file target-v1.cif (mmCIF, C-alpha atoms and all ligand atoms)
data_work
#
loop_
_atom_site.label_atom_id
_atom_site.label_comp_id
_atom_site.auth_asym_id
_atom_site.auth_seq_id
_atom_site.Cartn_x
_atom_site.Cartn_y
_atom_site.Cartn_z
CA MET A 295 -30.28 70.16 107.27
CA ARG A 296 -27.31 67.98 106.24
CA TYR A 297 -26.64 69.90 103.04
CA ILE A 298 -26.70 73.48 104.36
CA SER A 299 -23.48 75.25 105.26
CA SER A 300 -22.78 76.77 108.68
CA LYS A 301 -22.92 80.30 107.15
CA ILE A 302 -26.48 79.61 105.98
CA LYS A 303 -27.35 78.14 109.39
CA ILE A 304 -26.25 81.39 111.07
CA LEU A 305 -28.32 83.44 108.61
CA LEU A 306 -31.37 81.23 109.20
CA ALA A 307 -30.92 81.56 112.97
CA LEU A 308 -30.87 85.36 112.60
CA ILE A 309 -34.02 85.31 110.47
CA LEU A 310 -35.67 83.02 113.04
CA PHE A 311 -34.79 85.47 115.82
CA VAL A 312 -36.32 88.41 113.91
CA LEU A 313 -39.47 86.42 113.10
CA LEU A 314 -39.99 85.22 116.66
CA HIS A 315 -39.72 88.78 117.92
CA SER A 316 -42.01 90.30 115.30
CA GLY A 317 -45.13 89.58 117.44
CA CYS A 318 -48.71 88.70 116.63
CA GLY A 319 -51.61 91.02 115.84
CA ASP A 320 -54.97 91.29 117.59
CA ASN A 321 -58.18 90.23 115.84
CA LEU A 322 -61.51 92.08 115.86
CA LEU A 323 -62.49 90.62 119.23
CA GLY A 324 -59.29 91.85 120.79
CA ALA A 325 -57.87 88.34 121.10
CA GLU A 326 -54.43 87.60 119.75
CA ALA A 327 -54.64 86.35 116.18
CA GLU A 328 -52.73 83.25 115.18
CA GLN A 329 -50.06 84.27 112.70
CA TRP A 330 -49.26 82.34 109.52
CA ARG A 331 -46.20 83.42 107.58
CA PHE A 332 -46.23 83.18 103.78
CA ALA A 333 -42.90 83.79 102.04
CA ILE A 334 -42.74 84.41 98.31
CA GLU A 335 -39.80 84.35 95.91
CA GLU A 336 -40.80 87.54 94.14
CA THR A 337 -41.23 91.24 94.93
CA GLN A 338 -44.40 93.16 95.79
CA GLY A 339 -46.61 93.54 92.70
CA SER A 340 -45.53 90.16 91.26
CA VAL A 341 -47.65 87.12 90.34
CA GLN A 342 -46.63 85.32 93.54
CA ASP A 343 -47.44 88.43 95.56
CA ALA A 344 -50.94 88.57 94.05
CA TYR A 345 -51.38 84.89 94.95
CA ALA A 346 -50.21 85.34 98.54
CA GLN A 347 -52.24 88.54 99.03
CA ARG A 348 -55.42 86.83 97.82
CA PHE A 349 -54.66 83.83 100.07
CA LYS A 350 -54.28 86.27 102.99
CA GLU A 351 -57.55 88.02 102.16
CA LEU A 352 -59.56 84.79 101.91
CA ILE A 353 -58.05 83.11 104.98
CA GLU A 354 -58.42 86.18 107.17
CA SER A 355 -62.02 86.81 106.16
CA ARG A 356 -63.04 83.15 106.44
CA THR A 357 -61.52 82.81 109.91
CA ALA A 358 -63.05 86.15 110.96
CA GLY A 359 -59.60 87.42 111.83
CA ALA A 360 -58.66 84.46 114.05
CA VAL A 361 -55.76 83.90 111.63
CA GLU A 362 -53.54 86.67 110.36
CA VAL A 363 -51.41 85.93 107.29
CA LYS A 364 -48.20 87.91 106.93
CA VAL A 365 -46.66 87.94 103.47
CA TYR A 366 -42.86 88.18 103.18
CA PRO A 367 -41.69 89.33 99.74
CA TYR A 368 -38.40 88.27 98.12
CA GLY A 369 -35.35 89.40 100.02
CA THR A 370 -36.99 89.92 103.41
CA LEU A 371 -36.16 86.34 104.48
CA GLY A 372 -33.20 85.67 102.20
CA THR A 373 -33.07 83.84 98.87
CA SER A 374 -35.44 81.11 97.63
CA ASP A 375 -33.16 78.46 99.14
CA HIS A 376 -33.30 80.14 102.56
CA VAL A 377 -37.09 80.40 102.42
CA THR A 378 -37.49 76.71 101.59
CA GLU A 379 -35.31 75.83 104.57
CA LEU A 380 -37.40 78.08 106.84
CA VAL A 381 -40.56 76.22 105.80
CA ARG A 382 -38.84 72.93 106.42
CA MET A 383 -37.93 74.10 109.92
CA GLY A 384 -41.55 75.21 110.48
CA THR A 385 -40.56 78.84 111.11
CA VAL A 386 -42.46 79.90 108.01
CA GLN A 387 -45.73 78.04 107.37
CA PHE A 388 -46.33 78.71 103.64
CA ALA A 389 -44.08 79.52 100.71
CA MET A 390 -43.60 79.45 96.99
CA ALA A 391 -40.82 77.08 96.00
CA SER A 392 -39.98 77.09 92.33
CA PRO A 393 -38.55 73.94 90.77
CA GLY A 394 -35.84 76.24 89.41
CA HIS A 395 -34.44 76.46 92.94
CA LEU A 396 -35.82 73.26 94.47
CA GLY A 397 -33.81 70.75 92.43
CA THR A 398 -31.16 70.02 95.04
CA ILE A 399 -33.84 69.14 97.62
CA ILE A 400 -36.39 67.39 95.39
CA PRO A 401 -34.46 66.32 92.25
CA GLU A 402 -37.57 64.84 90.56
CA ILE A 403 -39.38 68.20 90.49
CA GLN A 404 -36.83 69.37 87.93
CA VAL A 405 -38.99 67.56 85.39
CA LEU A 406 -40.85 70.88 85.27
CA LEU A 407 -37.72 72.60 83.97
CA LEU A 408 -37.33 70.47 80.85
CA HIS A 409 -37.98 72.36 77.64
CA PHE A 410 -40.77 71.38 75.23
CA THR A 411 -42.44 68.83 77.52
CA LEU A 412 -45.63 70.91 77.77
CA THR A 413 -47.72 72.25 74.89
CA ASP A 414 -47.84 75.69 73.22
CA ASP A 415 -51.21 76.34 74.83
CA GLU A 416 -51.21 77.93 78.29
CA ASP A 417 -54.67 76.63 79.18
CA ILE A 418 -53.74 73.04 78.36
CA ASN A 419 -50.54 73.41 80.38
CA LYS A 420 -52.49 74.69 83.37
CA THR A 421 -54.80 71.66 83.15
CA ALA A 422 -51.82 69.29 82.88
CA LEU A 423 -50.11 70.81 85.93
CA SER A 424 -53.22 70.37 88.07
CA ASP A 425 -53.88 66.84 86.82
CA PRO A 426 -54.86 64.81 89.94
CA GLN A 427 -52.79 61.77 88.93
CA PHE A 428 -49.70 63.91 88.33
CA LEU A 429 -50.19 65.77 91.64
CA ALA A 430 -50.61 62.44 93.45
CA ALA A 431 -47.29 61.28 92.01
CA VAL A 432 -45.48 64.47 93.02
CA ALA A 433 -46.98 64.97 96.51
CA PRO A 434 -45.05 62.13 98.26
CA LEU A 435 -41.76 63.63 97.06
CA TYR A 436 -42.63 66.77 99.01
CA GLU A 437 -43.83 64.80 102.04
CA ASP A 438 -40.49 62.96 102.20
CA LYS A 439 -38.85 66.35 102.77
CA GLY A 440 -41.34 67.62 105.36
CA PHE A 441 -43.55 69.65 102.99
CA ARG A 442 -47.12 69.41 101.85
CA LEU A 443 -47.57 70.33 98.21
CA LEU A 444 -50.57 72.63 97.75
CA SER A 445 -50.47 73.64 94.10
CA ILE A 446 -48.39 73.72 90.92
CA TYR A 447 -49.08 76.61 88.57
CA PRO A 448 -47.46 78.40 85.61
CA GLU A 449 -46.58 82.12 85.74
CA GLY A 450 -46.12 82.74 82.02
CA TRP A 451 -43.64 81.87 79.26
CA MET A 452 -39.94 82.04 80.00
CA VAL A 453 -38.49 84.77 77.77
CA TRP A 454 -34.79 85.28 77.03
CA THR A 455 -33.30 88.73 77.44
CA SER A 456 -29.85 88.99 75.96
CA ASN A 457 -27.13 91.29 74.70
CA ARG A 458 -27.23 89.41 71.37
CA LEU A 459 -29.83 87.94 69.04
CA LEU A 460 -30.81 84.34 69.82
CA ARG A 461 -32.75 82.59 67.05
CA THR A 462 -30.97 79.23 66.87
CA PRO A 463 -29.31 76.87 69.34
CA GLU A 464 -26.01 77.85 67.67
CA ASP A 465 -26.58 81.45 68.78
CA PHE A 466 -26.35 80.18 72.38
CA ARG A 467 -22.80 78.88 71.89
CA GLY A 468 -20.67 80.23 74.75
CA LEU A 469 -23.51 82.50 75.95
CA LYS A 470 -23.22 83.24 79.66
CA ILE A 471 -26.87 82.89 80.55
CA ARG A 472 -28.04 83.25 84.14
CA THR A 473 -30.29 80.45 85.33
CA MET A 474 -31.92 79.62 88.64
CA THR A 475 -29.92 77.26 90.82
CA SER A 476 -31.36 73.80 89.97
CA PRO A 477 -28.82 71.59 88.19
CA MET A 478 -31.23 70.59 85.42
CA LEU A 479 -31.39 74.19 84.19
CA LEU A 480 -27.66 74.09 83.61
CA ALA A 481 -28.17 70.88 81.63
CA ALA A 482 -30.99 72.49 79.61
CA TYR A 483 -28.78 75.38 78.50
CA ARG A 484 -25.65 73.27 78.02
CA ALA A 485 -27.74 71.28 75.52
CA TYR A 486 -27.84 74.50 73.41
CA GLY A 487 -24.07 75.00 73.83
CA ALA A 488 -24.41 77.85 76.36
CA ALA A 489 -22.32 78.49 79.47
CA PRO A 490 -25.07 78.75 82.12
CA THR A 491 -24.35 80.60 85.36
CA PRO A 492 -26.62 79.97 88.37
CA LEU A 493 -27.31 83.08 90.46
CA PRO A 494 -29.91 84.15 93.03
CA TYR A 495 -32.72 86.31 91.61
CA GLY A 496 -31.53 89.44 93.43
CA GLU A 497 -28.13 89.39 91.73
CA VAL A 498 -29.29 89.20 88.11
CA TYR A 499 -29.71 92.90 87.34
CA SER A 500 -26.22 93.90 88.44
CA ALA A 501 -24.67 90.84 86.77
CA LEU A 502 -26.26 91.95 83.47
CA GLN A 503 -25.28 95.57 84.03
CA LEU A 504 -21.66 94.68 84.78
CA ASN A 505 -21.52 92.30 81.77
CA MET A 506 -20.73 89.38 84.06
CA ILE A 507 -23.48 87.54 82.19
CA ASP A 508 -24.84 87.98 78.63
CA ALA A 509 -28.42 86.85 79.14
CA GLN A 510 -31.09 85.66 81.55
CA VAL A 511 -34.50 84.00 81.27
CA ASN A 512 -37.75 84.88 83.08
CA PRO A 513 -41.42 85.65 82.39
CA VAL A 514 -42.36 89.12 81.08
CA PHE A 515 -43.78 90.43 84.37
CA ALA A 516 -40.50 89.60 86.14
CA ILE A 517 -38.40 91.15 83.34
CA GLN A 518 -40.39 94.34 83.82
CA GLU A 519 -40.46 94.54 87.61
CA MET A 520 -36.82 93.51 88.04
CA SER A 521 -35.86 95.92 85.19
CA PHE A 522 -33.84 93.25 83.35
CA TYR A 523 -34.93 94.77 80.02
CA GLU A 524 -33.08 97.98 80.90
CA VAL A 525 -29.78 96.11 80.74
CA SER A 526 -30.58 93.89 77.72
CA ASN A 527 -30.67 94.57 73.96
CA TYR A 528 -33.02 91.76 72.95
CA MET A 529 -36.10 90.08 74.30
CA ILE A 530 -36.75 86.75 72.57
CA PHE A 531 -39.86 84.57 72.84
CA GLY A 532 -39.04 80.88 72.21
CA ASN A 533 -42.00 79.52 74.23
CA GLN A 534 -39.69 76.65 75.20
CA ALA A 535 -41.22 76.37 78.69
CA PRO A 536 -43.38 78.31 81.10
CA PHE A 537 -42.09 79.48 84.46
CA ILE A 538 -43.67 77.08 86.94
CA THR A 539 -43.84 77.39 90.69
CA THR A 540 -45.18 75.30 93.53
CA ALA A 541 -47.05 76.49 96.62
CA LEU A 542 -46.30 74.46 99.72
CA THR A 543 -46.72 74.34 103.47
CA ASN A 544 -44.91 72.65 106.32
CA GLN A 545 -46.31 69.12 106.58
CA ALA A 546 -46.33 68.96 110.41
CA PHE A 547 -48.04 72.36 110.59
CA PHE A 548 -50.73 71.18 108.18
CA GLU A 549 -51.33 67.97 110.13
CA GLU A 550 -51.66 69.89 113.40
CA GLN A 551 -54.55 71.93 112.00
CA SER A 552 -58.15 70.98 112.73
CA GLU A 553 -60.05 69.18 109.98
CA GLU A 554 -61.96 72.42 109.37
CA ARG A 555 -58.80 74.51 108.97
CA GLN A 556 -57.25 71.93 106.65
CA GLN A 557 -60.37 72.05 104.49
CA LEU A 558 -60.26 75.85 104.50
CA ILE A 559 -56.64 75.90 103.28
CA LEU A 560 -57.38 73.38 100.51
CA GLU A 561 -60.55 75.20 99.46
CA VAL A 562 -58.75 78.56 99.21
CA ILE A 563 -55.88 77.01 97.25
CA GLU A 564 -58.35 75.49 94.80
CA GLU A 565 -60.05 78.85 94.29
CA LEU A 566 -56.69 80.46 93.63
CA ASP A 567 -55.99 78.14 90.68
CA ASP A 568 -58.20 79.99 88.17
CA TYR A 569 -57.61 83.37 89.78
CA ILE A 570 -53.84 83.20 89.34
CA HIS A 571 -54.03 81.79 85.83
CA LEU A 572 -56.03 84.76 84.52
CA LEU A 573 -53.99 87.20 86.55
CA GLN A 574 -50.62 85.99 85.27
CA GLN A 575 -51.86 86.31 81.67
CA ASP A 576 -53.00 89.84 82.39
CA TYR A 577 -49.75 90.79 84.17
CA ASN A 578 -47.58 89.39 81.38
CA GLU A 579 -49.55 91.28 78.73
CA SER A 580 -49.78 94.60 80.51
CA ARG A 581 -46.13 94.57 81.65
CA MET A 582 -45.07 94.05 78.04
CA ASP A 583 -46.74 97.37 77.22
CA ILE A 584 -44.76 99.04 79.99
CA ILE A 585 -41.51 97.58 78.64
CA ARG A 586 -42.32 98.78 75.10
CA ASP A 587 -43.13 102.28 76.36
CA ASN A 588 -40.05 102.53 78.58
CA LYS A 589 -37.57 101.20 76.03
CA PRO A 590 -38.76 101.72 72.44
CA ASP A 591 -35.39 100.62 70.97
CA LEU A 592 -35.46 97.18 72.66
CA ASN A 593 -35.42 94.46 69.98
CA ILE A 594 -38.45 92.27 70.60
CA VAL A 595 -38.25 88.97 68.76
CA ASP A 596 -41.58 87.16 68.89
CA ASP A 597 -41.66 85.71 65.40
CA LEU A 598 -39.62 82.49 65.71
CA SER A 599 -41.00 80.13 63.05
CA GLU A 600 -42.09 76.57 63.86
CA GLU A 601 -38.94 75.41 62.06
CA GLU A 602 -36.74 77.60 64.23
CA ARG A 603 -38.49 76.42 67.40
CA ASP A 604 -38.11 72.84 66.24
CA ALA A 605 -34.32 73.24 66.19
CA PHE A 606 -34.52 74.10 69.92
CA ARG A 607 -36.95 71.24 70.51
CA GLN A 608 -34.57 68.73 68.92
CA ALA A 609 -31.55 70.13 70.79
CA SER A 610 -33.46 69.94 74.08
CA LEU A 611 -34.39 66.25 73.82
CA SER A 612 -31.04 65.01 75.18
CA THR A 613 -31.85 66.83 78.45
CA ARG A 614 -34.56 64.24 79.15
CA ASP A 615 -31.86 61.55 79.20
CA THR A 616 -29.63 63.75 81.36
CA PHE A 617 -32.55 64.15 83.76
CA ILE A 618 -33.26 60.40 83.92
CA HIS A 619 -29.57 59.64 84.31
CA ALA A 620 -29.14 62.19 87.12
CA VAL A 621 -32.36 61.44 89.03
CA GLY A 622 -32.77 57.73 88.35
CA PRO A 623 -35.92 55.55 88.11
CA SER A 624 -38.02 57.97 90.20
CA GLY A 625 -37.12 60.69 87.68
CA GLU A 626 -38.11 58.51 84.77
CA ALA A 627 -41.42 57.70 86.49
CA ILE A 628 -42.24 61.35 87.12
CA LEU A 629 -41.38 62.28 83.52
CA GLN A 630 -43.83 59.59 82.31
CA GLU A 631 -46.44 60.96 84.72
CA LEU A 632 -45.98 64.47 83.33
CA LEU A 633 -46.18 63.31 79.72
CA GLY A 634 -49.33 61.33 80.60
CA ALA A 635 -50.85 64.42 82.26
CA VAL A 636 -50.13 66.46 79.12
CA GLU A 637 -51.89 63.88 76.95
CA ARG A 638 -54.91 63.80 79.28
CA ALA A 639 -55.02 67.62 79.29
CA LYS A 640 -54.94 67.71 75.47
CA THR A 641 -57.84 65.27 75.34
CA ALA A 642 -59.76 67.30 77.93
CA HIS A 643 -59.30 70.37 75.69
CA GLY A 644 -60.50 68.46 72.63
CA ILE A 645 -57.08 68.03 70.98
CA GLU A 646 -56.66 64.67 69.25
CA GLU A 647 -53.18 63.46 68.21
O1 LIG B 1 -35.48 83.82 88.33
C1 LIG B 1 -35.75 83.62 89.50
O2 LIG B 1 -34.93 83.23 90.31
C2 LIG B 1 -37.18 83.92 89.98
N1 LIG B 1 -38.06 84.18 88.88
C3 LIG B 1 -39.33 84.28 89.08
C4 LIG B 1 -40.25 84.72 88.01
N2 LIG B 1 -39.89 83.90 90.23
C5 LIG B 1 -39.12 83.40 91.37
C6 LIG B 1 -37.75 82.95 90.95
O3 LIG B 1 -36.92 82.79 92.05
#
call {"tool": "encode", "arguments": {"input": "target-v1.cif", "output": "C-alpha cells"}}
result
Amino acid sequence: MRYISSKIKILLALILFVLLHSGCGDNLLGAEAEQWRFAIEETQGSVQDAYAQRFKELIESRTAGAVEVKVYPYGTLGTSDHVTELVRMGTVQFAMASPGHLGTIIPEIQVLLLHFTLTDDEDINKTALSDPQFLAAVAPLYEDKGFRLLSIYPEGWMVWTSNRLLRTPEDFRGLKIRTMTSPMLLAAYRAYGAAPTPLPYGEVYSALQLNMIDAQVNPVFAIQEMSFYEVSNYMIFGNQAPFITTALTNQAFFEEQSEERQQLILEVIEELDDYIHLLQQDYNESRMDIIRDNKPDLNIVDDLSEEERDAFRQASLSTRDTFIHAVGPSGEAILQELLGAVERAKTAHGIEE
C-alpha cells in the first residue's frame, strides 16, 4: 500500500468497516451462507453488471446457496482505484479492474490501451484476448500484486463524444479529452496533439456539462447509461480500440478455496466468456437506438474512411515506443505477446496475411 495516500487509507478503512458490519445471509438450509463480494466499475444495467449478476446466479445455484455473491456497483465502494485496493487487501474477493485504471499498479497491462494493436473484427479480438499464451504471460503480473487474473474481455468499441467534430488527428489539437487514469492513455491522446485530462468515471458528466472538458471516450452502452451524449454534440466512431476490462480475484482467497471451489470459479468464468461477448454486442447496439431516439440532433459520425483511420493509426504508432520506454523490457515482451496473440487469432478465424 506504499503508493496510496493517507486520505485514501481513511476512506478504505471506512468502507472496510461498513462491509464488515453488513452481515451474511442465510442459505436454504438455514445455515449462514459464505459471502463473496464482487465489485464492478460500472452502474447497474451495465456490461460489467450483467457479468457479475450472471456470475452470482451460477455460483449461488451451483453451491446450492452455500455461497452468496453480493455485487457492488460503481460508487458504492469508491472509484475503480479504491476497489482494486480493496481486492488487494482481501476485503472484496472479486472485481473488475480495467487497464484504463490499473496502469499505476500493473504498468504492463497498459498494452491493452494502445490504439490499433487489435483488429477491426470484434470476434478476432475476443479470441486474441483469451489466447492461452497471452493469458499465461499476463497472469504472473497480477500474481506479483496479490491478484489472480480470471479473464480479459472487450466491452465494445471506444467511441469519442465531443463538443466538436473529430475526423483527423489535427482535430484533436488542444482538445481537453477526459481519459481514465492510466498514464498510457494520456500518451495515446498526446500522440494526437490533445490535452488529455484523467478523471474518475463519476465526474465525467459534470465535467462535460460545465465545459471543463471538451470530450470523453467510452463504449456506446456507457455513453447511454452515463448520459454523456446529453452533454456532447458529436459521437464519433474511430474503432481505434475496444474498451477492455479484466476480471480478477484476490490470490490468497483463491488459494484458500478447496480444489472443487477453485474449479467451480474457473468453470463459471469460462462460461461467461461467450455470454458476455454476445451481450456486450447487444447492449452496444440497442443503447445506440436509445441515444438516437433521445437526441435526434446528435451528430453521429460513423463513416470515417480507411484513409482517415489510417491517419490515426500512423499517429498512434509512436505510443508503442512511449509504452516500451516507460515500462521497460517487460512491457516490450508483453506487447510482442499481444501482437502474437492477434496473429494467432487471425489464423484461427481463417485470415491470412
Ligand atoms: O471510463 C471509465 O472510467 C469506465 N468506463 C467503462 C465503460 N467501464 C469502467 C470504467 O471505469
call {"tool": "axis_aligned_box", "arguments": {"input": "target-v1.cif", "around": "ligand LIG 1 (chain B)", "padding_each_side": "8 Å", "output": "lines of an AutoDock Vina configuration file"}}
result
center_x = -37.6
center_y = 83.8
center_z = 90.0
size_x = 21.3
size_y = 17.9
size_z = 20.0
call {"tool": "atom_distance", "arguments": {"input": "target-v1.cif", "atom1": "atom O2 of ligand LIG 1 (chain B)", "atom2": "atom CA of Met474 of chain A"}}
result
5.0 Å
call {"tool": "closest_residue", "arguments": {"input": "target-v1.cif", "among": "A:Arg603, A:Arg614, A:Arg472, A:Lys640", "to": "ligand LIG 1 (chain B)", "atoms": "all atoms listed in the file"}}
result
A:Arg472
call {"tool": "residues_near_ligand", "arguments": {"input": "target-v1.cif", "ligand": "ligand LIG 1 (chain B)", "cutoff": "8 Å", "atoms": "all atoms listed in the file", "output": "PDB file with C-alpha atoms, in the coordinates of the input"}}
result
ATOM      1  CA  ILE A 334     -42.740  84.410  98.310  1.00  0.00           C
ATOM      2  CA  GLU A 335     -39.800  84.350  95.910  1.00  0.00           C
ATOM      3  CA  GLU A 336     -40.800  87.540  94.140  1.00  0.00           C
ATOM      4  CA  GLN A 342     -46.630  85.320  93.540  1.00  0.00           C
ATOM      5  CA  THR A 373     -33.070  83.840  98.870  1.00  0.00           C
ATOM      6  CA  SER A 374     -35.440  81.110  97.630  1.00  0.00           C
ATOM      7  CA  ALA A 391     -40.820  77.080  96.000  1.00  0.00           C
ATOM      8  CA  SER A 392     -39.980  77.090  92.330  1.00  0.00           C
ATOM      9  CA  GLY A 394     -35.840  76.240  89.410  1.00  0.00           C
ATOM     10  CA  HIS A 395     -34.440  76.460  92.940  1.00  0.00           C
ATOM     11  CA  GLU A 449     -46.580  82.120  85.740  1.00  0.00           C
ATOM     12  CA  THR A 473     -30.290  80.450  85.330  1.00  0.00           C
ATOM     13  CA  MET A 474     -31.920  79.620  88.640  1.00  0.00           C
ATOM     14  CA  THR A 475     -29.920  77.260  90.820  1.00  0.00           C
ATOM     15  CA  LEU A 493     -27.310  83.080  90.460  1.00  0.00           C
ATOM     16  CA  PRO A 494     -29.910  84.150  93.030  1.00  0.00           C
ATOM     17  CA  TYR A 495     -32.720  86.310  91.610  1.00  0.00           C
ATOM     18  CA  GLY A 496     -31.530  89.440  93.430  1.00  0.00           C
ATOM     19  CA  VAL A 511     -34.500  84.000  81.270  1.00  0.00           C
ATOM     20  CA  ASN A 512     -37.750  84.880  83.080  1.00  0.00           C
ATOM     21  CA  PRO A 513     -41.420  85.650  82.390  1.00  0.00           C
ATOM     22  CA  PHE A 515     -43.780  90.430  84.370  1.00  0.00           C
ATOM     23  CA  ALA A 516     -40.500  89.600  86.140  1.00  0.00           C
ATOM     24  CA  PHE A 537     -42.090  79.480  84.460  1.00  0.00           C
ATOM     25  CA  THR A 539     -43.840  77.390  90.690  1.00  0.00           C
TER      26      THR A 539
END
call {"tool": "atom_distance", "arguments": {"input": "target-v1.cif", "atom1": "atom CA of Gln404 of chain A", "atom2": "atom CA of Val621 of chain A"}}
result
9.2 Å
call {"tool": "residues_around", "arguments": {"input": "target-v1.cif", "residues": "Ile570 of chain A", "least_positions_apart": "5", "cutoff": "10 Å", "atoms": "all atoms listed in the file", "output": "number ranges by chain"}}
result
A: 341-342, 344-345, 348, 447-449, 565, 575-576
call {"tool": "residues_around", "arguments": {"input": "target-v1.cif", "residues": "Ile618 of chain A", "least_positions_apart": "6", "cutoff": "10 Å", "atoms": "all atoms listed in the file", "output": "PyMOL selection string"}}
result
chain A and resi 402+405+624-629
call {"tool": "residues_around", "arguments": {"input": "target-v1.cif", "residues": "Ala609 of chain A", "least_positions_apart": "3", "cutoff": "8 Å", "atoms": "only C-alpha atoms", "output": "PDB file with C-alpha atoms, in the coordinates of the input"}}
result
ATOM      1  CA  PRO A 463     -29.310  76.870  69.340  1.00  0.00           C
ATOM      2  CA  ALA A 485     -27.740  71.280  75.520  1.00  0.00           C
ATOM      3  CA  TYR A 486     -27.840  74.500  73.410  1.00  0.00           C
ATOM      4  CA  ALA A 605     -34.320  73.240  66.190  1.00  0.00           C
ATOM      5  CA  PHE A 606     -34.520  74.100  69.920  1.00  0.00           C
ATOM      6  CA  SER A 612     -31.040  65.010  75.180  1.00  0.00           C
TER       7      SER A 612
END
call {"tool": "closest_residue", "arguments": {"input": "target-v1.cif", "among": "A:Phe547, A:Phe332, A:Trp451, A:Phe466", "to": "Leu371 of chain A", "atoms": "only C-alpha atoms"}}
result
A:Phe332
